file start01.txt (compact mmCIF, N, CA and C atoms)
# COMPACT_ATOMS: atom_id res chain seq x y z
N MET A 275 23.73 -12.82 6.89
CA MET A 275 24.55 -11.89 7.64
C MET A 275 25.67 -12.66 8.32
N PRO A 276 26.83 -12.61 7.80
CA PRO A 276 27.91 -13.44 8.30
C PRO A 276 28.35 -13.11 9.73
N ASN A 277 28.20 -11.88 10.20
CA ASN A 277 28.67 -11.51 11.53
C ASN A 277 27.57 -11.46 12.58
N SER A 278 26.39 -11.90 12.25
CA SER A 278 25.25 -11.82 13.15
C SER A 278 25.15 -13.07 14.02
N ASP A 279 24.72 -12.89 15.27
CA ASP A 279 24.48 -14.02 16.16
C ASP A 279 23.09 -14.59 15.98
N LEU A 280 22.22 -13.85 15.28
CA LEU A 280 20.83 -14.29 15.13
C LEU A 280 20.29 -13.89 13.77
N GLU A 281 19.69 -14.86 13.11
CA GLU A 281 18.93 -14.62 11.89
C GLU A 281 17.52 -15.10 12.20
N LEU A 282 16.54 -14.20 12.10
CA LEU A 282 15.20 -14.51 12.59
C LEU A 282 14.14 -14.04 11.61
N VAL A 283 13.15 -14.89 11.39
CA VAL A 283 11.97 -14.55 10.61
C VAL A 283 10.77 -14.85 11.49
N VAL A 284 9.89 -13.85 11.64
CA VAL A 284 8.69 -14.01 12.47
C VAL A 284 7.48 -13.71 11.60
N ALA A 285 6.48 -14.57 11.66
CA ALA A 285 5.23 -14.34 10.93
C ALA A 285 4.07 -14.46 11.92
N GLY A 286 3.05 -13.66 11.70
CA GLY A 286 1.92 -13.74 12.61
C GLY A 286 0.80 -12.80 12.24
N THR A 287 -0.09 -12.61 13.19
CA THR A 287 -1.23 -11.73 13.04
C THR A 287 -1.11 -10.61 14.05
N ALA A 288 -2.11 -9.76 14.11
CA ALA A 288 -2.10 -8.68 15.09
C ALA A 288 -2.13 -9.25 16.52
N ASP A 289 -2.68 -10.44 16.67
CA ASP A 289 -2.86 -11.01 18.00
C ASP A 289 -1.80 -12.02 18.42
N ALA A 290 -1.12 -12.64 17.47
CA ALA A 290 -0.24 -13.75 17.86
C ALA A 290 0.87 -13.98 16.85
N VAL A 291 1.93 -14.59 17.34
CA VAL A 291 3.01 -15.07 16.49
C VAL A 291 2.61 -16.46 16.02
N LEU A 292 2.68 -16.69 14.71
CA LEU A 292 2.27 -17.98 14.18
C LEU A 292 3.45 -18.85 13.76
N MET A 293 4.57 -18.22 13.38
CA MET A 293 5.71 -18.98 12.91
C MET A 293 7.00 -18.25 13.24
N VAL A 294 8.00 -19.00 13.63
CA VAL A 294 9.32 -18.44 13.88
C VAL A 294 10.34 -19.36 13.22
N GLU A 295 11.21 -18.77 12.42
CA GLU A 295 12.35 -19.50 11.85
C GLU A 295 13.59 -18.75 12.27
N SER A 296 14.56 -19.47 12.78
CA SER A 296 15.77 -18.77 13.22
C SER A 296 17.00 -19.64 13.11
N GLU A 297 18.12 -18.95 13.06
CA GLU A 297 19.42 -19.57 13.16
C GLU A 297 20.19 -18.72 14.14
N ALA A 298 20.59 -19.31 15.26
CA ALA A 298 21.22 -18.53 16.33
C ALA A 298 22.49 -19.22 16.80
N LYS A 299 23.39 -18.40 17.32
CA LYS A 299 24.65 -18.90 17.88
C LYS A 299 24.57 -18.86 19.40
N GLU A 300 24.06 -19.92 19.99
CA GLU A 300 24.02 -20.11 21.43
C GLU A 300 23.53 -18.88 22.19
N LEU A 301 22.33 -18.43 21.85
CA LEU A 301 21.73 -17.29 22.56
C LEU A 301 20.82 -17.80 23.66
N SER A 302 20.63 -16.99 24.69
CA SER A 302 19.77 -17.39 25.80
C SER A 302 18.31 -17.36 25.38
N GLU A 303 17.48 -18.06 26.15
CA GLU A 303 16.04 -18.05 25.89
C GLU A 303 15.50 -16.62 26.01
N GLU A 304 16.01 -15.88 26.96
CA GLU A 304 15.56 -14.50 27.17
C GLU A 304 15.84 -13.65 25.93
N THR A 305 17.01 -13.80 25.35
CA THR A 305 17.37 -13.05 24.14
C THR A 305 16.49 -13.49 22.97
N MET A 306 16.27 -14.79 22.82
CA MET A 306 15.44 -15.29 21.73
C MET A 306 14.00 -14.80 21.87
N LEU A 307 13.45 -14.90 23.08
CA LEU A 307 12.08 -14.44 23.31
C LEU A 307 11.97 -12.94 23.05
N GLY A 308 12.96 -12.18 23.49
CA GLY A 308 12.97 -10.75 23.24
C GLY A 308 12.98 -10.44 21.75
N ALA A 309 13.73 -11.21 20.98
CA ALA A 309 13.79 -11.00 19.54
C ALA A 309 12.46 -11.32 18.88
N VAL A 310 11.82 -12.40 19.32
CA VAL A 310 10.51 -12.76 18.77
C VAL A 310 9.48 -11.69 19.13
N MET A 311 9.49 -11.24 20.36
CA MET A 311 8.55 -10.20 20.79
C MET A 311 8.80 -8.89 20.03
N PHE A 312 10.06 -8.56 19.80
CA PHE A 312 10.39 -7.37 19.01
C PHE A 312 9.83 -7.51 17.60
N GLY A 313 10.01 -8.68 17.00
CA GLY A 313 9.48 -8.93 15.66
C GLY A 313 7.98 -8.78 15.62
N HIS A 314 7.29 -9.30 16.64
CA HIS A 314 5.83 -9.19 16.69
C HIS A 314 5.39 -7.74 16.85
N ARG A 315 6.07 -7.00 17.69
CA ARG A 315 5.73 -5.57 17.86
C ARG A 315 5.92 -4.81 16.56
N GLU A 316 7.02 -5.06 15.88
CA GLU A 316 7.33 -4.33 14.65
C GLU A 316 6.39 -4.71 13.51
N MET A 317 5.91 -5.95 13.48
CA MET A 317 5.00 -6.33 12.40
C MET A 317 3.64 -5.65 12.53
N GLN A 318 3.34 -5.13 13.72
CA GLN A 318 2.08 -4.41 13.91
C GLN A 318 1.99 -3.20 12.99
N LYS A 319 3.11 -2.53 12.74
CA LYS A 319 3.13 -1.38 11.84
C LYS A 319 2.70 -1.79 10.43
N VAL A 320 3.19 -2.92 9.99
CA VAL A 320 2.86 -3.41 8.65
C VAL A 320 1.40 -3.84 8.60
N ILE A 321 0.96 -4.54 9.62
CA ILE A 321 -0.44 -4.99 9.68
C ILE A 321 -1.37 -3.79 9.65
N ASP A 322 -1.06 -2.76 10.44
CA ASP A 322 -1.88 -1.55 10.45
C ASP A 322 -1.90 -0.88 9.08
N ALA A 323 -0.77 -0.84 8.41
CA ALA A 323 -0.70 -0.24 7.07
C ALA A 323 -1.54 -1.03 6.08
N ILE A 324 -1.51 -2.35 6.17
CA ILE A 324 -2.32 -3.19 5.29
C ILE A 324 -3.80 -2.94 5.52
N ILE A 325 -4.20 -2.83 6.79
CA ILE A 325 -5.61 -2.56 7.11
C ILE A 325 -6.03 -1.20 6.57
N ARG A 326 -5.19 -0.18 6.75
CA ARG A 326 -5.52 1.16 6.22
C ARG A 326 -5.66 1.13 4.70
N LEU A 327 -4.75 0.44 4.03
CA LEU A 327 -4.82 0.34 2.58
C LEU A 327 -6.09 -0.39 2.15
N ALA A 328 -6.41 -1.48 2.82
CA ALA A 328 -7.61 -2.24 2.47
C ALA A 328 -8.87 -1.39 2.67
N GLU A 329 -8.91 -0.60 3.74
CA GLU A 329 -10.07 0.26 3.98
C GLU A 329 -10.17 1.35 2.92
N LYS A 330 -9.04 1.89 2.52
CA LYS A 330 -9.03 2.96 1.53
C LYS A 330 -9.38 2.42 0.14
N ALA A 331 -8.92 1.25 -0.19
CA ALA A 331 -9.11 0.68 -1.51
C ALA A 331 -10.41 -0.12 -1.65
N ALA A 332 -11.09 -0.36 -0.54
CA ALA A 332 -12.30 -1.19 -0.57
C ALA A 332 -13.37 -0.57 -1.46
N LYS A 333 -14.05 -1.40 -2.19
CA LYS A 333 -15.15 -0.96 -3.04
C LYS A 333 -16.38 -1.78 -2.71
N ASP A 334 -17.54 -1.17 -2.97
CA ASP A 334 -18.78 -1.90 -2.76
C ASP A 334 -18.87 -3.04 -3.77
N PRO A 335 -19.42 -4.16 -3.34
CA PRO A 335 -19.57 -5.27 -4.28
C PRO A 335 -20.52 -4.88 -5.41
N ARG A 336 -20.28 -5.40 -6.57
CA ARG A 336 -21.15 -5.10 -7.69
C ARG A 336 -21.76 -6.38 -8.23
N ASP A 337 -22.94 -6.24 -8.78
CA ASP A 337 -23.62 -7.39 -9.37
C ASP A 337 -23.04 -7.66 -10.76
N ILE A 338 -22.72 -8.89 -10.99
CA ILE A 338 -22.21 -9.30 -12.29
C ILE A 338 -23.26 -10.23 -12.89
N PRO A 339 -23.81 -9.83 -14.02
CA PRO A 339 -24.84 -10.67 -14.62
C PRO A 339 -24.26 -12.02 -15.05
N THR A 340 -25.02 -13.04 -14.81
CA THR A 340 -24.58 -14.37 -15.21
C THR A 340 -25.37 -14.79 -16.44
N ALA A 341 -24.70 -15.42 -17.34
CA ALA A 341 -25.36 -15.87 -18.57
C ALA A 341 -26.08 -17.19 -18.32
N SER A 342 -27.19 -17.36 -18.99
CA SER A 342 -27.94 -18.61 -18.91
C SER A 342 -27.71 -19.37 -20.22
N TYR A 343 -27.30 -20.58 -20.10
CA TYR A 343 -27.02 -21.40 -21.28
C TYR A 343 -28.03 -22.55 -21.40
N GLU A 344 -29.24 -22.35 -20.88
CA GLU A 344 -30.24 -23.41 -20.91
C GLU A 344 -30.63 -23.78 -22.34
N ASP A 345 -30.80 -22.77 -23.20
CA ASP A 345 -31.18 -23.06 -24.59
C ASP A 345 -30.10 -23.85 -25.30
N GLU A 346 -28.83 -23.45 -25.10
CA GLU A 346 -27.72 -24.16 -25.73
C GLU A 346 -27.62 -25.58 -25.21
N ALA A 347 -27.80 -25.75 -23.91
CA ALA A 347 -27.72 -27.07 -23.30
C ALA A 347 -28.82 -27.98 -23.84
N ALA A 348 -30.01 -27.43 -24.00
CA ALA A 348 -31.12 -28.22 -24.54
C ALA A 348 -30.82 -28.62 -25.98
N ALA A 349 -30.26 -27.70 -26.78
CA ALA A 349 -29.94 -28.01 -28.17
C ALA A 349 -28.89 -29.11 -28.26
N VAL A 350 -27.87 -29.02 -27.46
CA VAL A 350 -26.80 -30.03 -27.46
C VAL A 350 -27.36 -31.36 -26.99
N SER A 351 -28.20 -31.33 -25.95
CA SER A 351 -28.78 -32.56 -25.44
C SER A 351 -29.67 -33.21 -26.49
N GLY A 352 -30.44 -32.38 -27.19
CA GLY A 352 -31.31 -32.92 -28.24
C GLY A 352 -30.52 -33.58 -29.35
N ARG A 353 -29.45 -32.96 -29.78
CA ARG A 353 -28.61 -33.54 -30.83
C ARG A 353 -27.91 -34.81 -30.36
N ALA A 354 -27.44 -34.80 -29.11
CA ALA A 354 -26.74 -35.96 -28.57
C ALA A 354 -27.68 -37.16 -28.47
N GLN A 355 -28.95 -36.93 -28.16
CA GLN A 355 -29.89 -38.03 -28.04
C GLN A 355 -30.22 -38.64 -29.40
N LYS A 356 -30.11 -37.85 -30.46
CA LYS A 356 -30.40 -38.37 -31.80
C LYS A 356 -29.28 -39.28 -32.31
N ILE A 357 -28.08 -39.14 -31.73
CA ILE A 357 -26.94 -39.92 -32.23
C ILE A 357 -26.97 -41.31 -31.71
call {"tool": "encode", "arguments": {"input": "start01.txt", "output": "structure tokens"}}
result
Amino acid sequence: MPNSDLELVVAGTADAVLMVESEAKELSEETMLGAVMFGHREMQKVIDAIIRLAEKAAKDPRDIPTASYEDEAAAVSGRAQKI
């Protein structure tokens, strides 16, 4: 944004800001902190939407049968020992 005094990226969780990247043109600490806090407040909407989607899309875990290769392993081991 060529005419902007602030370019800001904020990343975090529902509880805290974890990362801030910015490029600013001599802004006060108060303005910068306000921008970070605004970013954190606004990301709550996205976090809430992600949680709602996860709850809606969640499925019960299912059992996946695992194959046993003991017979094959024994056969290969037996042949390898003969060599």
call {"tool": "select_by_dssp", "arguments": {"input": "start01.txt", "residues": "range 284-351 of chain A", "states": "strand (DSSP E)", "output": "mmCIF file with N, CA and C atoms, in the coordinates of the input"}}
result
data_model
loop_
_atom_site.group_PDB
_atom_site.id
_atom_site.type_symbol
_atom_site.label_atom_id
_atom_site.label_comp_id
_atom_site.auth_asym_id
_atom_site.auth_seq_id
_atom_site.Cartn_x
_atom_site.Cartn_y
_atom_site.Cartn_z
ATOM 1 N N VAL A 284 9.890 -13.850 11.640
ATOM 2 C CA VAL A 284 8.690 -14.010 12.470
ATOM 3 C C VAL A 284 7.480 -13.710 11.600
ATOM 4 N N ALA A 285 6.480 -14.570 11.660
ATOM 5 C CA ALA A 285 5.230 -14.340 10.930
ATOM 6 C C ALA A 285 4.070 -14.460 11.920
ATOM 7 N N GLY A 286 3.050 -13.660 11.700
ATOM 8 C CA GLY A 286 1.920 -13.740 12.610
ATOM 9 C C GLY A 286 0.800 -12.800 12.240
ATOM 10 N N VAL A 291 1.930 -14.590 17.340
ATOM 11 C CA VAL A 291 3.010 -15.070 16.490
ATOM 12 C C VAL A 291 2.610 -16.460 16.020
ATOM 13 N N LEU A 292 2.680 -16.690 14.710
ATOM 14 C CA LEU A 292 2.270 -17.980 14.180
ATOM 15 C C LEU A 292 3.450 -18.850 13.760
ATOM 16 N N MET A 293 4.570 -18.220 13.380
ATOM 17 C CA MET A 293 5.710 -18.980 12.910
ATOM 18 C C MET A 293 7.000 -18.250 13.240
ATOM 19 N N VAL A 294 8.000 -19.000 13.630
ATOM 20 C CA VAL A 294 9.320 -18.440 13.880
ATOM 21 C C VAL A 294 10.340 -19.360 13.220
ATOM 22 N N GLU A 295 11.210 -18.770 12.420
ATOM 23 C CA GLU A 295 12.350 -19.500 11.850
ATOM 24 C C GLU A 295 13.590 -18.750 12.270
ATOM 25 N N SER A 296 14.560 -19.470 12.780
ATOM 26 C CA SER A 296 15.770 -18.770 13.220
ATOM 27 C C SER A 296 17.000 -19.640 13.110
ATOM 28 N N GLU A 297 18.120 -18.950 13.060
ATOM 29 C CA GLU A 297 19.420 -19.570 13.160
ATOM 30 C C GLU A 297 20.190 -18.720 14.140
ATOM 31 N N ALA A 298 20.590 -19.310 15.260
ATOM 32 C CA ALA A 298 21.220 -18.530 16.330
ATOM 33 C C ALA A 298 22.490 -19.220 16.800
#
call {"tool": "select_by_dssp", "arguments": {"input": "start01.txt", "residues": "chain A", "states": "alpha helix (DSSP H)", "output": "VMD selection string"}}
result
chain A and resid 303 to 331 344 to 356
call {"tool": "atom_distance", "arguments": {"input": "start01.txt", "atom1": "CA of Lys299 in chain A", "atom2": "CA of Gly313 in chain A"}}
result
18.3 Å
call {"tool": "closest_residue", "arguments": {"input": "start01.txt", "among": "A:Asp289, A:Asp337, A:Asp279, A:Glu329", "to": "Leu301 in chain A", "atoms": "all atoms listed in the file"}}
result
A:Asp279
call {"tool": "atom_distance", "arguments": {"input": "start01.txt", "atom1": "CA of Leu282 in chain A", "atom2": "CA of Leu327 in chain A"}}
result
26.9 Å
call {"tool": "closest_residue", "arguments": {"input": "start01.txt", "among": "A:Met317, A:Gly352, A:Glu346, A:Thr340", "to": "Gly286 in chain A", "atoms": "all atoms listed in the file"}}
result
A:Met317
call {"tool": "atom_distance", "arguments": {"input": "start01.txt", "atom1": "CA of Ala309 in chain A", "atom2": "CA of Ala285 in chain A"}}
result
12.6 Å
